[in-house]
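Participant: I am attaching a structure below and will ask some questions about it afterwards.
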Amino acid sequence: MKCRKCGDAAMIELRRHNTAFCAADFQEFFRNQVREAIRKHRMFTRHERVLVAVSGGKDSLALWDVLIDDGYDTAGLYLDLGIFDYSVESKAKCEAFAARRGVPLIVSAVADEVGAPVPVIKQVTRRPPCSGCGLSKRYLMNRVALDHGMPVVATGHNLDDEAATLFGSVMHWRMEALPRQSPALPARHAKLVRRVKPLYRLSEQETAAYAFVRRIDYIVEECPFALGATSIAHKEVLNRMEADSPGAKHNFLFGFLDKARAAFEQAEDVVLAECVRCGQVTTGTVCAFCKLSDQVKRAAAGAGDV
Amino acid sequence: MRVVLRNPRREVDVAGNRRVKDVLRELQIIPETVLVIRGDDLITTDQMVRDGDVIELRPVMSGGTR
């Protein structure tokens with residue numbers, strides 16, 4: 001197989017684009033996809049400081065790598081979830097990347113902020129671990145960005161992530177989730193920062209290939225709590241469809257964004273307020289993060305009484 | 001030839017002297033769900049692999065939401 005641009009031996013085939021690239025031309029393709037995402041959705045400008053949420057995985061480190069090389073002013077944010085060896089290793093990957101590239105990394109521990117790490121939150125809430133984890137991540141990303149005066153948070157969500165989320169939302173007709181499914185969510189409140197996903201045009205295989213050819217040392221092992229996660233099951237369904245029909249995931253997601261999302265956007269009419277406890281944005285009186293933190297602290301106090 | 005699989009890490013021996021896509025088919029792996037790594041390089045599924053080769057099939061799936 002030959003590279004479509006230079007004719008050298010290809011190292012990756014992109015069936016959904018009916019093309020193949022060598023390592024050098026693939027990197028240029030990858031960067032151009034990120035640039036197009038930033039341009040099309042006006043994600044951020046070169047005058048804005050971007051907080052890049054990094055997990056130590058291929059997606060977020062690949063994103064940070066592209067943004068650094070394109071001259072954006074960035075800082076990384078690593079949220080230590082306290083998930084055993086997985087968190088120890090993923091944090092080390094982020095710290096090593098930041099040191100190698102000479103860029104700042106902010107580290108915030110969920111255990112310090114909520115009162116317990118994700119495995120304990122899972123036990124206390126008796127809910128799936130991804131629930132408390134996702135809630136804590138969204139809250140802390142926004143708060144850290146605000147505290148550091150950064151107007152935008154960029155995450156490493158890729159095409160597969162977004163297609164799987166959309167699939168799940170449609171399967172359950174989560175009407176409140178559909179308008180929020182966007183590569184760029186504007187700040188709808190003075191205490192909310194913009195949230196953007198510059199990798200949404202790139203597949204999981206493409207971000208992995210980019211990380212590999214750039215020799216980015218990322219954590220290949222999966223989060224131990226991801227085993228059996230619904231989103232993984234949805235990805236597997238979509239992968240089988242993609243195998244039979246290259247471009248299926250792309251068409252599903254981009255068709256929604258281009259043709260359908262606007263119709264659901266009109267249905268969203270939520271009043272935003274500030275949490276009476278922490279001052280962050282919520283739709284109620286006390287935000288979900290403070291409620292979670294209370295629940296964890298009550299459980300810890302109860303355990304202490306025994 | 002030897003195939004290194006991840007999550008969990010394990011190794012299997014399969015017949016060589018055929019294309020990567022044939023190895024993937026035997027192992028029932030969808031090509032878009034892995035990187036195919038030989039040495040320091042990625043290779044495409046039309047590449048031949050020989051009996052003495054070692055390739056890693058590194059999964060690309062990540063994330064978890066319930």
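As shown in the structure tokens, the chain order sets the letters A, B, ...; within each chain, residues go from 1, and ligands are also counted from 1 in the order they appear.
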When you look at Ala184 (chain A) with a cut-off of 12 Å (counting only C-alpha atoms), what residues show up, excluding the ones that are within fewer than 5 positions of it in the same chain? I need them as a PDB file with N, CA, C and O atoms, in the first residue's frame.

Facilitator:
```pdb
ATOM      1  N   ALA A  37     -10.959  21.606  12.883  1.00  0.00           N
ATOM      2  CA  ALA A  37     -11.922  21.578  13.999  1.00  0.00           C
ATOM      3  C   ALA A  37     -11.882  22.897  14.760  1.00  0.00           C
ATOM      4  O   ALA A  37     -12.932  23.484  15.074  1.00  0.00           O
ATOM      5  N   ILE A  38     -10.684  23.374  15.056  1.00  0.00           N
ATOM      6  CA  ILE A  38     -10.534  24.631  15.816  1.00  0.00           C
ATOM      7  C   ILE A  38     -11.106  25.795  15.008  1.00  0.00           C
ATOM      8  O   ILE A  38     -11.821  26.647  15.542  1.00  0.00           O
ATOM      9  N   ARG A  39     -10.813  25.807  13.717  1.00  0.00           N
ATOM     10  CA  ARG A  39     -11.279  26.903  12.854  1.00  0.00           C
ATOM     11  C   ARG A  39     -12.800  26.884  12.713  1.00  0.00           C
ATOM     12  O   ARG A  39     -13.472  27.900  12.916  1.00  0.00           O
ATOM     13  N   LYS A  40     -13.337  25.713  12.378  1.00  0.00           N
ATOM     14  CA  LYS A  40     -14.762  25.617  12.063  1.00  0.00           C
ATOM     15  C   LYS A  40     -15.629  25.977  13.264  1.00  0.00           C
ATOM     16  O   LYS A  40     -16.680  26.606  13.098  1.00  0.00           O
ATOM     17  N   HIS A  41     -15.210  25.587  14.431  1.00  0.00           N
ATOM     18  CA  HIS A  41     -16.034  25.828  15.626  1.00  0.00           C
ATOM     19  C   HIS A  41     -15.497  26.962  16.488  1.00  0.00           C
ATOM     20  O   HIS A  41     -15.966  27.150  17.614  1.00  0.00           O
ATOM     21  N   ARG A  42     -14.531  27.704  15.945  1.00  0.00           N
ATOM     22  CA  ARG A  42     -13.960  28.859  16.669  1.00  0.00           C
ATOM     23  C   ARG A  42     -13.672  28.478  18.125  1.00  0.00           C
ATOM     24  O   ARG A  42     -14.125  29.142  19.058  1.00  0.00           O
ATOM     25  N   MET A  43     -12.940  27.391  18.265  1.00  0.00           N
ATOM     26  CA  MET A  43     -12.733  26.822  19.607  1.00  0.00           C
ATOM     27  C   MET A  43     -11.939  27.754  20.513  1.00  0.00           C
ATOM     28  O   MET A  43     -12.262  27.940  21.672  1.00  0.00           O
ATOM     29  N   PHE A  44     -10.855  28.308  19.970  1.00  0.00           N
ATOM     30  CA  PHE A  44     -10.058  29.281  20.725  1.00  0.00           C
ATOM     31  C   PHE A  44      -9.141  30.012  19.760  1.00  0.00           C
ATOM     32  O   PHE A  44      -8.951  29.579  18.618  1.00  0.00           O
ATOM     33  N   VAL A 152     -10.991  28.443  28.367  1.00  0.00           N
ATOM     34  CA  VAL A 152     -11.409  27.264  27.604  1.00  0.00           C
ATOM     35  C   VAL A 152     -10.683  26.010  28.091  1.00  0.00           C
ATOM     36  O   VAL A 152      -9.498  26.051  28.419  1.00  0.00           O
ATOM     37  N   VAL A 153     -11.442  24.906  28.133  1.00  0.00           N
ATOM     38  CA  VAL A 153     -10.868  23.594  28.436  1.00  0.00           C
ATOM     39  C   VAL A 153     -10.972  22.732  27.182  1.00  0.00           C
ATOM     40  O   VAL A 153     -12.056  22.613  26.592  1.00  0.00           O
ATOM     41  N   ALA A 154      -9.855  22.141  26.774  1.00  0.00           N
ATOM     42  CA  ALA A 154      -9.860  21.225  25.623  1.00  0.00           C
ATOM     43  C   ALA A 154      -9.685  19.803  26.124  1.00  0.00           C
ATOM     44  O   ALA A 154      -8.795  19.532  26.943  1.00  0.00           O
ATOM     45  N   THR A 155     -10.534  18.907  25.656  1.00  0.00           N
ATOM     46  CA  THR A 155     -10.430  17.498  26.035  1.00  0.00           C
ATOM     47  C   THR A 155     -10.105  16.653  24.799  1.00  0.00           C
ATOM     48  O   THR A 155     -10.298  17.094  23.663  1.00  0.00           O
ATOM     49  N   HIS A 157     -11.528  14.033  23.528  1.00  0.00           N
ATOM     50  CA  HIS A 157     -12.595  13.199  22.956  1.00  0.00           C
ATOM     51  C   HIS A 157     -12.420  13.089  21.439  1.00  0.00           C
ATOM     52  O   HIS A 157     -12.278  14.094  20.748  1.00  0.00           O
ATOM     53  N   PRO A 179     -28.632  18.199  22.774  1.00  0.00           N
ATOM     54  CA  PRO A 179     -28.132  19.527  22.393  1.00  0.00           C
ATOM     55  C   PRO A 179     -26.742  19.820  22.945  1.00  0.00           C
ATOM     56  O   PRO A 179     -26.030  20.673  22.412  1.00  0.00           O
ATOM     57  N   VAL A 193     -16.561  27.867  31.751  1.00  0.00           N
ATOM     58  CA  VAL A 193     -15.633  28.114  30.645  1.00  0.00           C
ATOM     59  C   VAL A 193     -16.094  27.307  29.427  1.00  0.00           C
ATOM     60  O   VAL A 193     -16.884  26.379  29.547  1.00  0.00           O
ATOM     61  N   ARG A 194     -15.584  27.694  28.262  1.00  0.00           N
ATOM     62  CA  ARG A 194     -15.872  26.970  27.027  1.00  0.00           C
ATOM     63  C   ARG A 194     -15.282  25.551  27.117  1.00  0.00           C
ATOM     64  O   ARG A 194     -14.205  25.367  27.675  1.00  0.00           O
ATOM     65  N   ARG A 195     -15.995  24.595  26.547  1.00  0.00           N
ATOM     66  CA  ARG A 195     -15.463  23.223  26.498  1.00  0.00           C
ATOM     67  C   ARG A 195     -15.371  22.800  25.042  1.00  0.00           C
ATOM     68  O   ARG A 195     -16.373  22.860  24.314  1.00  0.00           O
ATOM     69  N   VAL A 196     -14.181  22.374  24.622  1.00  0.00           N
ATOM     70  CA  VAL A 196     -13.988  22.045  23.208  1.00  0.00           C
ATOM     71  C   VAL A 196     -13.314  20.685  23.040  1.00  0.00           C
ATOM     72  O   VAL A 196     -12.584  20.227  23.928  1.00  0.00           O
ATOM     73  N   LYS A 197     -13.573  20.082  21.880  1.00  0.00           N
ATOM     74  CA  LYS A 197     -13.043  18.749  21.583  1.00  0.00           C
ATOM     75  C   LYS A 197     -12.368  18.762  20.207  1.00  0.00           C
ATOM     76  O   LYS A 197     -12.950  18.342  19.212  1.00  0.00           O
ATOM     77  N   PRO A 198     -11.143  19.243  20.144  1.00  0.00           N
ATOM     78  CA  PRO A 198     -10.485  19.410  18.830  1.00  0.00           C
ATOM     79  C   PRO A 198     -10.199  18.112  18.081  1.00  0.00           C
ATOM     80  O   PRO A 198      -9.853  18.166  16.893  1.00  0.00           O
ATOM     81  N   LEU A 199     -10.331  16.949  18.736  1.00  0.00           N
ATOM     82  CA  LEU A 199     -10.054  15.677  18.045  1.00  0.00           C
ATOM     83  C   LEU A 199     -11.313  15.017  17.498  1.00  0.00           C
ATOM     84  O   LEU A 199     -11.255  13.862  17.061  1.00  0.00           O
ATOM     85  N   TYR A 200     -12.433  15.717  17.511  1.00  0.00           N
ATOM     86  CA  TYR A 200     -13.687  15.038  17.175  1.00  0.00           C
ATOM     87  C   TYR A 200     -13.728  14.571  15.721  1.00  0.00           C
ATOM     88  O   TYR A 200     -14.545  13.724  15.376  1.00  0.00           O
ATOM     89  N   LEU A 257     -24.520  16.321  13.743  1.00  0.00           N
ATOM     90  CA  LEU A 257     -24.048  17.688  13.985  1.00  0.00           C
ATOM     91  C   LEU A 257     -24.531  18.653  12.892  1.00  0.00           C
ATOM     92  O   LEU A 257     -24.934  19.774  13.181  1.00  0.00           O
TER      93      LEU A 257
END
```

Participant: Taking the backbone alone, and naming residues the way the document does, which bits of chain B are strand (DSSP E or B) by DSSP, as a list of chain:residue names?

Facilitator: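 Secondary structure check on chain B, strand (DSSP E or B): B:Arg2, B:Val3, B:Val4, B:Leu5, B:Arg10, B:Glu11, B:Val12, B:Asp13, B:Arg18, B:Arg19, B:Val34, B:Leu35, B:Val36, B:Ile37, B:Arg38, B:Asp41, B:Leu42, B:Met48, B:Val49, B:Val54, B:Ile55, B:Glu56, B:Leu57, B:Arg58, B:Pro59.
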
Participant: For Val60 (chain B), work out the shell of residues within 9 Å, counting only C-alpha atoms and skipping chain neighbours fewer than 2 positions away, then give it as number ranges by chain.

Facilitator: A: 58, 204-209, 220; B: 32-35, 58, 62

Participant: Using only C-alpha atoms, which of B:Val36, B:Arg10, B:Val3, B:Thr45 sits nearest Asp22 (chain B)?

Facilitator: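 When distances to Asp22 (chain B) are compared using only C-alpha atoms, the smallest one comes from B:Thr45.
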
Participant: Would you please give, as number ranges by chain, all residues of region 123-306 of chain A that DSSP assigns to helix (DSSP H, G or I) based on the backbone?

Facilitator: A: 123-125, 129-147, 159-171, 178-180, 204-213, 224-226, 230-244, 248-265, 288-305

Participant: Give me a file of those residues, with C-alpha atoms, as a compact mmCIF listing (two decimals), in the first residue's frame.

Facilitator:
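The resulting file, selection30.txt, is reproduced below:
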```txt
# COMPACT_ATOMS: atom_id res chain seq x y z
CA GLN A 123 -18.61 2.24 47.17
CA VAL A 124 -20.25 5.17 48.93
CA THR A 125 -22.63 6.11 46.12
CA PRO A 129 -17.60 4.37 39.06
CA CYS A 130 -17.77 6.34 35.79
CA SER A 131 -20.67 8.33 37.25
CA GLY A 132 -18.85 10.00 40.16
CA CYS A 133 -15.66 10.13 38.09
CA GLY A 134 -17.28 12.01 35.20
CA LEU A 135 -19.08 14.41 37.53
CA SER A 136 -15.84 15.19 39.41
CA LYS A 137 -13.88 15.66 36.19
CA ARG A 138 -16.37 18.12 34.67
CA TYR A 139 -16.59 20.13 37.88
CA LEU A 140 -12.84 20.27 38.55
CA MET A 141 -11.88 21.03 34.95
CA ASN A 142 -14.17 24.05 34.97
CA ARG A 143 -13.08 25.26 38.40
CA VAL A 144 -9.35 24.89 37.73
CA ALA A 145 -9.74 26.79 34.43
CA LEU A 146 -11.60 29.60 36.22
CA ASP A 147 -9.07 29.72 39.05
CA LEU A 159 -14.72 10.61 16.78
CA ASP A 160 -15.32 7.19 18.34
CA ASP A 161 -16.00 8.72 21.78
CA GLU A 162 -18.46 11.19 20.31
CA ALA A 163 -20.21 8.63 18.11
CA ALA A 164 -20.57 6.25 21.09
CA THR A 165 -21.97 9.03 23.28
CA LEU A 166 -24.45 10.00 20.59
CA PHE A 167 -25.41 6.35 20.11
CA GLY A 168 -26.10 6.00 23.84
CA SER A 169 -28.10 9.24 23.96
CA VAL A 170 -30.23 8.19 20.99
CA MET A 171 -30.74 4.66 22.32
CA LEU A 178 -28.48 15.73 22.61
CA PRO A 179 -28.13 19.53 22.39
CA ARG A 180 -25.02 19.35 24.58
CA GLU A 204 -9.44 6.37 17.94
CA GLN A 205 -7.10 4.47 15.63
CA GLU A 206 -5.86 7.74 14.15
CA THR A 207 -5.07 9.29 17.54
CA ALA A 208 -3.30 6.08 18.58
CA ALA A 209 -1.29 6.08 15.34
CA TYR A 210 -0.36 9.74 15.81
CA ALA A 211 0.80 9.10 19.38
CA PHE A 212 2.82 6.12 18.16
CA VAL A 213 4.61 7.87 15.29
CA PRO A 224 -9.79 -0.99 35.42
CA PHE A 225 -13.29 0.44 35.86
CA ALA A 226 -13.84 0.76 32.10
CA THR A 230 -21.70 0.89 28.46
CA SER A 231 -19.75 3.25 26.24
CA ILE A 232 -17.28 0.44 25.44
CA ALA A 233 -20.19 -1.82 24.44
CA HIS A 234 -21.54 0.94 22.21
CA LYS A 235 -18.13 1.38 20.62
CA GLU A 236 -18.00 -2.32 19.84
CA VAL A 237 -21.39 -2.16 18.12
CA LEU A 238 -20.28 0.84 16.08
CA ASN A 239 -16.97 -0.84 15.22
CA ARG A 240 -18.82 -3.82 13.73
CA MET A 241 -20.89 -1.44 11.62
CA GLU A 242 -17.75 0.45 10.60
CA ALA A 243 -16.05 -2.80 9.54
CA ASP A 244 -18.88 -3.53 7.11
CA ALA A 248 -20.48 4.70 9.25
CA LYS A 249 -19.36 6.35 12.50
CA HIS A 250 -18.32 9.52 10.71
CA ASN A 251 -21.67 9.75 8.91
CA PHE A 252 -23.60 9.07 12.10
CA LEU A 253 -21.85 11.81 14.09
CA PHE A 254 -21.40 14.40 11.37
CA GLY A 255 -24.94 13.86 10.10
CA PHE A 256 -26.23 14.61 13.58
CA LEU A 257 -24.05 17.69 13.99
CA ASP A 258 -24.85 19.07 10.54
CA LYS A 259 -28.52 18.15 10.19
CA ALA A 260 -30.18 17.19 13.46
CA ARG A 261 -28.57 18.84 16.48
CA ALA A 262 -30.17 22.24 15.94
CA ALA A 263 -33.64 20.74 16.27
CA PHE A 264 -32.83 19.43 19.74
CA GLU A 265 -31.10 22.65 20.79
CA ALA A 288 -24.12 17.75 42.24
CA PHE A 289 -20.42 17.93 43.17
CA CYS A 290 -21.17 19.35 46.63
CA LYS A 291 -23.86 16.71 47.14
CA LEU A 292 -21.37 14.00 46.19
CA SER A 293 -18.75 15.47 48.51
CA ASP A 294 -21.31 15.57 51.37
CA GLN A 295 -22.24 11.96 50.75
CA VAL A 296 -18.58 10.87 50.84
CA LYS A 297 -17.91 12.82 54.05
CA ARG A 298 -21.02 11.42 55.75
CA ALA A 299 -19.93 7.91 54.84
CA ALA A 300 -16.42 8.57 56.17
CA ALA A 301 -17.83 9.96 59.43
CA GLY A 302 -20.15 6.97 59.75
CA ALA A 303 -17.26 4.57 59.21
CA GLY A 304 -15.30 6.43 61.89
CA ASP A 305 -18.12 6.00 64.40
```

Participant: Applying 10 Å and only C-alpha atoms, which residues near Arg214 (chain A) remain after dropping the ones on its own chain fewer than 5 positions away? List them as a ChimeraX atom specification.

Facilitator: /A:23-24,27,62,65,208-209

Participant: Find the residues around Val12 (chain B) up to 8 Å (only C-alpha atoms counted), leave out those fewer than 6 positions away in its own chain, and share them as a ChimeraX atom specification.

Facilitator: /B:2-5

Participant: Store the residues of this selection in a file with C-alpha atoms, as an mmCIF file, in the first residue's frame.

Facilitator:
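selection-v4.cif, freshly written:
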```cif
data_model
loop_
_atom_site.group_PDB
_atom_site.id
_atom_site.type_symbol
_atom_site.label_atom_id
_atom_site.label_comp_id
_atom_site.auth_asym_id
_atom_site.auth_seq_id
_atom_site.Cartn_x
_atom_site.Cartn_y
_atom_site.Cartn_z
ATOM 1 C CA ARG B 2 4.251 -14.501 17.362
ATOM 2 C CA VAL B 3 1.449 -12.021 18.047
ATOM 3 C CA VAL B 4 1.544 -9.850 21.172
ATOM 4 C CA LEU B 5 -1.894 -8.841 22.445
#
```

Participant: Kindly provide the residues of chain B that approach chain A to within 12 Å, each paired with its closest atom pair and their distance in Å to one decimal, based on only C-alpha atoms, listed by chain and increasing number, as a Markdown table.

Facilitator:
```
| residue | atom | partner | partner_atom | distance |
| --- | --- | --- | --- | --- |
| B:Leu5 | CA | A:Val220 | CA | 11.4 |
| B:Arg6 | CA | A:Glu221 | CA | 7.7 |
| B:Asn7 | CA | A:Glu221 | CA | 6.0 |
| B:Pro8 | CA | A:Glu221 | CA | 8.1 |
| B:Arg9 | CA | A:Glu221 | CA | 9.2 |
| B:Lys21 | CA | A:Glu13 | CA | 12.0 |
| B:Arg25 | CA | A:Ala243 | CA | 11.7 |
| B:Gln28 | CA | A:Arg240 | CA | 11.2 |
| B:Ile29 | CA | A:Arg240 | CA | 10.1 |
| B:Ile30 | CA | A:Ala243 | CA | 6.6 |
| B:Pro31 | CA | A:Ala243 | CA | 7.9 |
| B:Glu32 | CA | A:Gln205 | CA | 6.2 |
| B:Thr33 | CA | A:Gln205 | CA | 6.4 |
| B:Val34 | CA | A:Gln205 | CA | 6.7 |
| B:Leu35 | CA | A:Ala209 | CA | 6.8 |
| B:Val36 | CA | A:Ile12 | CA | 9.1 |
| B:Ile37 | CA | A:Phe212 | CA | 9.4 |
| B:Arg38 | CA | A:Met11 | CA | 10.7 |
| B:Gly39 | CA | A:Phe212 | CA | 11.9 |
| B:Asp40 | CA | A:Val213 | CA | 8.9 |
| B:Asp41 | CA | A:Met11 | CA | 7.5 |
| B:Leu42 | CA | A:Met11 | CA | 5.3 |
| B:Ile43 | CA | A:Met11 | CA | 4.9 |
| B:Thr44 | CA | A:Ile12 | CA | 5.5 |
| B:Thr45 | CA | A:Glu13 | CA | 8.1 |
| B:Asp46 | CA | A:Met1 | CA | 6.8 |
| B:Gln47 | CA | A:Met1 | CA | 7.9 |
| B:Met48 | CA | A:Met1 | CA | 11.3 |
| B:Leu57 | CA | A:Val220 | CA | 11.5 |
| B:Arg58 | CA | A:Val220 | CA | 7.9 |
| B:Pro59 | CA | A:Val220 | CA | 7.9 |
| B:Val60 | CA | A:Gln205 | CA | 5.5 |
| B:Met61 | CA | A:Glu204 | CA | 6.5 |
| B:Ser62 | CA | A:Glu222 | CA | 6.5 |
| B:Gly63 | CA | A:Ala226 | CA | 6.5 |
| B:Gly64 | CA | A:Ala226 | CA | 4.5 |
| B:Thr65 | CA | A:Ser231 | CA | 5.2 |
| B:Arg66 | CA | A:Thr230 | CA | 4.9 |
```

Participant: With only C-alpha atoms as the counted atoms, please give the residues lying no more than 12 Å from Phe97 (chain A), apart from itself and same-chain residues fewer than 6 positions off, as a list of chain:residue names.

Facilitator: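 My list of contacting residues is A:Val54, A:Ser55, A:Gly56, A:Gly57, A:Lys58, A:Ser60, A:Leu61, A:Ala62, A:Trp64, A:Asp65, A:Ile68, A:Ala75, A:Gly76, A:Tyr78, A:Ser90, A:Lys91, A:Val103, A:Pro104, A:Leu105, A:Ala211, A:Arg214, A:Arg215, A:Ile216, A:Asp217, A:Tyr218, A:Ile219.
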
Participant: Output the selection as a PDB file, in the first residue's frame - N, CA and C atoms for each residue.

Facilitator:
```
ATOM      1  N   VAL A  54      -5.576  16.293  30.537  1.00  0.00           N
ATOM      2  CA  VAL A  54      -4.801  15.123  30.106  1.00  0.00           C
ATOM      3  C   VAL A  54      -4.961  13.970  31.091  1.00  0.00           C
ATOM      4  N   SER A  55      -5.068  12.776  30.517  1.00  0.00           N
ATOM      5  CA  SER A  55      -5.276  11.578  31.339  1.00  0.00           C
ATOM      6  C   SER A  55      -4.061  10.661  31.326  1.00  0.00           C
ATOM      7  N   GLY A  56      -3.103  10.945  30.443  1.00  0.00           N
ATOM      8  CA  GLY A  56      -1.987  10.026  30.239  1.00  0.00           C
ATOM      9  C   GLY A  56      -2.242   9.069  29.089  1.00  0.00           C
ATOM     10  N   GLY A  57      -3.451   9.114  28.540  1.00  0.00           N
ATOM     11  CA  GLY A  57      -3.805   8.275  27.400  1.00  0.00           C
ATOM     12  C   GLY A  57      -3.392   8.906  26.084  1.00  0.00           C
ATOM     13  N   LYS A  58      -3.620   8.162  25.007  1.00  0.00           N
ATOM     14  CA  LYS A  58      -3.160   8.587  23.684  1.00  0.00           C
ATOM     15  C   LYS A  58      -3.846   9.859  23.195  1.00  0.00           C
ATOM     16  N   SER A  60      -5.524  12.542  24.751  1.00  0.00           N
ATOM     17  CA  SER A  60      -5.249  13.847  25.350  1.00  0.00           C
ATOM     18  C   SER A  60      -3.789  14.260  25.148  1.00  0.00           C
ATOM     19  N   LEU A  61      -2.863  13.304  25.198  1.00  0.00           N
ATOM     20  CA  LEU A  61      -1.455  13.674  24.979  1.00  0.00           C
ATOM     21  C   LEU A  61      -1.202  14.006  23.515  1.00  0.00           C
ATOM     22  N   ALA A  62      -1.893  13.310  22.593  1.00  0.00           N
ATOM     23  CA  ALA A  62      -1.768  13.657  21.166  1.00  0.00           C
ATOM     24  C   ALA A  62      -2.299  15.067  20.927  1.00  0.00           C
ATOM     25  N   TRP A  64      -2.514  17.558  23.104  1.00  0.00           N
ATOM     26  CA  TRP A  64      -1.590  18.538  23.698  1.00  0.00           C
ATOM     27  C   TRP A  64      -0.378  18.725  22.798  1.00  0.00           C
ATOM     28  N   ASP A  65       0.129  17.620  22.251  1.00  0.00           N
ATOM     29  CA  ASP A  65       1.289  17.649  21.356  1.00  0.00           C
ATOM     30  C   ASP A  65       1.040  18.537  20.134  1.00  0.00           C
ATOM     31  N   ILE A  68       0.759  22.305  21.207  1.00  0.00           N
ATOM     32  CA  ILE A  68       2.080  22.875  21.523  1.00  0.00           C
ATOM     33  C   ILE A  68       2.829  23.187  20.227  1.00  0.00           C
ATOM     34  N   ALA A  75      -1.698  24.893  29.120  1.00  0.00           N
ATOM     35  CA  ALA A  75      -1.275  24.249  30.361  1.00  0.00           C
ATOM     36  C   ALA A  75      -2.050  22.948  30.423  1.00  0.00           C
ATOM     37  N   GLY A  76      -1.444  21.918  30.966  1.00  0.00           N
ATOM     38  CA  GLY A  76      -2.138  20.647  31.120  1.00  0.00           C
ATOM     39  C   GLY A  76      -2.798  20.569  32.485  1.00  0.00           C
ATOM     40  N   TYR A  78      -3.973  17.465  34.994  1.00  0.00           N
ATOM     41  CA  TYR A  78      -4.136  16.041  35.278  1.00  0.00           C
ATOM     42  C   TYR A  78      -4.971  15.902  36.545  1.00  0.00           C
ATOM     43  N   SER A  90      -0.537   6.681  34.993  1.00  0.00           N
ATOM     44  CA  SER A  90      -1.014   7.702  34.048  1.00  0.00           C
ATOM     45  C   SER A  90      -0.514   9.089  34.450  1.00  0.00           C
ATOM     46  N   LYS A  91      -0.422   9.328  35.756  1.00  0.00           N
ATOM     47  CA  LYS A  91       0.119  10.614  36.223  1.00  0.00           C
ATOM     48  C   LYS A  91       1.588  10.744  35.811  1.00  0.00           C
ATOM     49  N   VAL A 103       6.301  22.244  29.254  1.00  0.00           N
ATOM     50  CA  VAL A 103       5.019  22.940  29.410  1.00  0.00           C
ATOM     51  C   VAL A 103       4.482  22.681  30.822  1.00  0.00           C
ATOM     52  N   PRO A 104       3.684  23.633  31.351  1.00  0.00           N
ATOM     53  CA  PRO A 104       3.203  23.466  32.733  1.00  0.00           C
ATOM     54  C   PRO A 104       2.101  22.423  32.849  1.00  0.00           C
ATOM     55  N   LEU A 105       2.129  21.694  33.958  1.00  0.00           N
ATOM     56  CA  LEU A 105       1.091  20.697  34.254  1.00  0.00           C
ATOM     57  C   LEU A 105       0.526  20.984  35.640  1.00  0.00           C
ATOM     58  N   ALA A 211      -0.005   9.200  18.160  1.00  0.00           N
ATOM     59  CA  ALA A 211       0.796   9.097  19.381  1.00  0.00           C
ATOM     60  C   ALA A 211       1.984   8.159  19.147  1.00  0.00           C
ATOM     61  N   ARG A 214       4.648   9.759  16.811  1.00  0.00           N
ATOM     62  CA  ARG A 214       5.294  10.878  17.514  1.00  0.00           C
ATOM     63  C   ARG A 214       6.094  10.398  18.722  1.00  0.00           C
ATOM     64  N   ARG A 215       6.074   9.086  18.949  1.00  0.00           N
ATOM     65  CA  ARG A 215       6.801   8.480  20.079  1.00  0.00           C
ATOM     66  C   ARG A 215       6.353   9.078  21.414  1.00  0.00           C
ATOM     67  N   ILE A 216       5.067   9.322  21.512  1.00  0.00           N
ATOM     68  CA  ILE A 216       4.492   9.786  22.783  1.00  0.00           C
ATOM     69  C   ILE A 216       4.309   8.571  23.681  1.00  0.00           C
ATOM     70  N   ASP A 217       4.848   8.654  24.874  1.00  0.00           N
ATOM     71  CA  ASP A 217       4.752   7.523  25.816  1.00  0.00           C
ATOM     72  C   ASP A 217       3.421   7.650  26.571  1.00  0.00           C
ATOM     73  N   TYR A 218       2.421   6.915  26.114  1.00  0.00           N
ATOM     74  CA  TYR A 218       1.095   7.010  26.738  1.00  0.00           C
ATOM     75  C   TYR A 218       0.742   5.694  27.427  1.00  0.00           C
ATOM     76  N   ILE A 219      -0.280   5.749  28.277  1.00  0.00           N
ATOM     77  CA  ILE A 219      -0.683   4.541  28.999  1.00  0.00           C
ATOM     78  C   ILE A 219      -1.604   3.718  28.094  1.00  0.00           C
TER      79      ILE A 219
END
```

Participant: Could you pull the residues within 9 Å of Val49 (chain B), counting only C-alpha atoms, minus those fewer than 6 positions along the same chain, as a ChimeraX atom specification?

Facilitator: /B:1,16-20,23,55

Participant: Have a look at CA of Pro117 (chain A) and CA of Asp80 (chain A) and let me know their distance in Å, one decimal.

Facilitator: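 Separating CA of Pro117 (chain A) from CA of Asp80 (chain A) is a distance of 8.3 Å.
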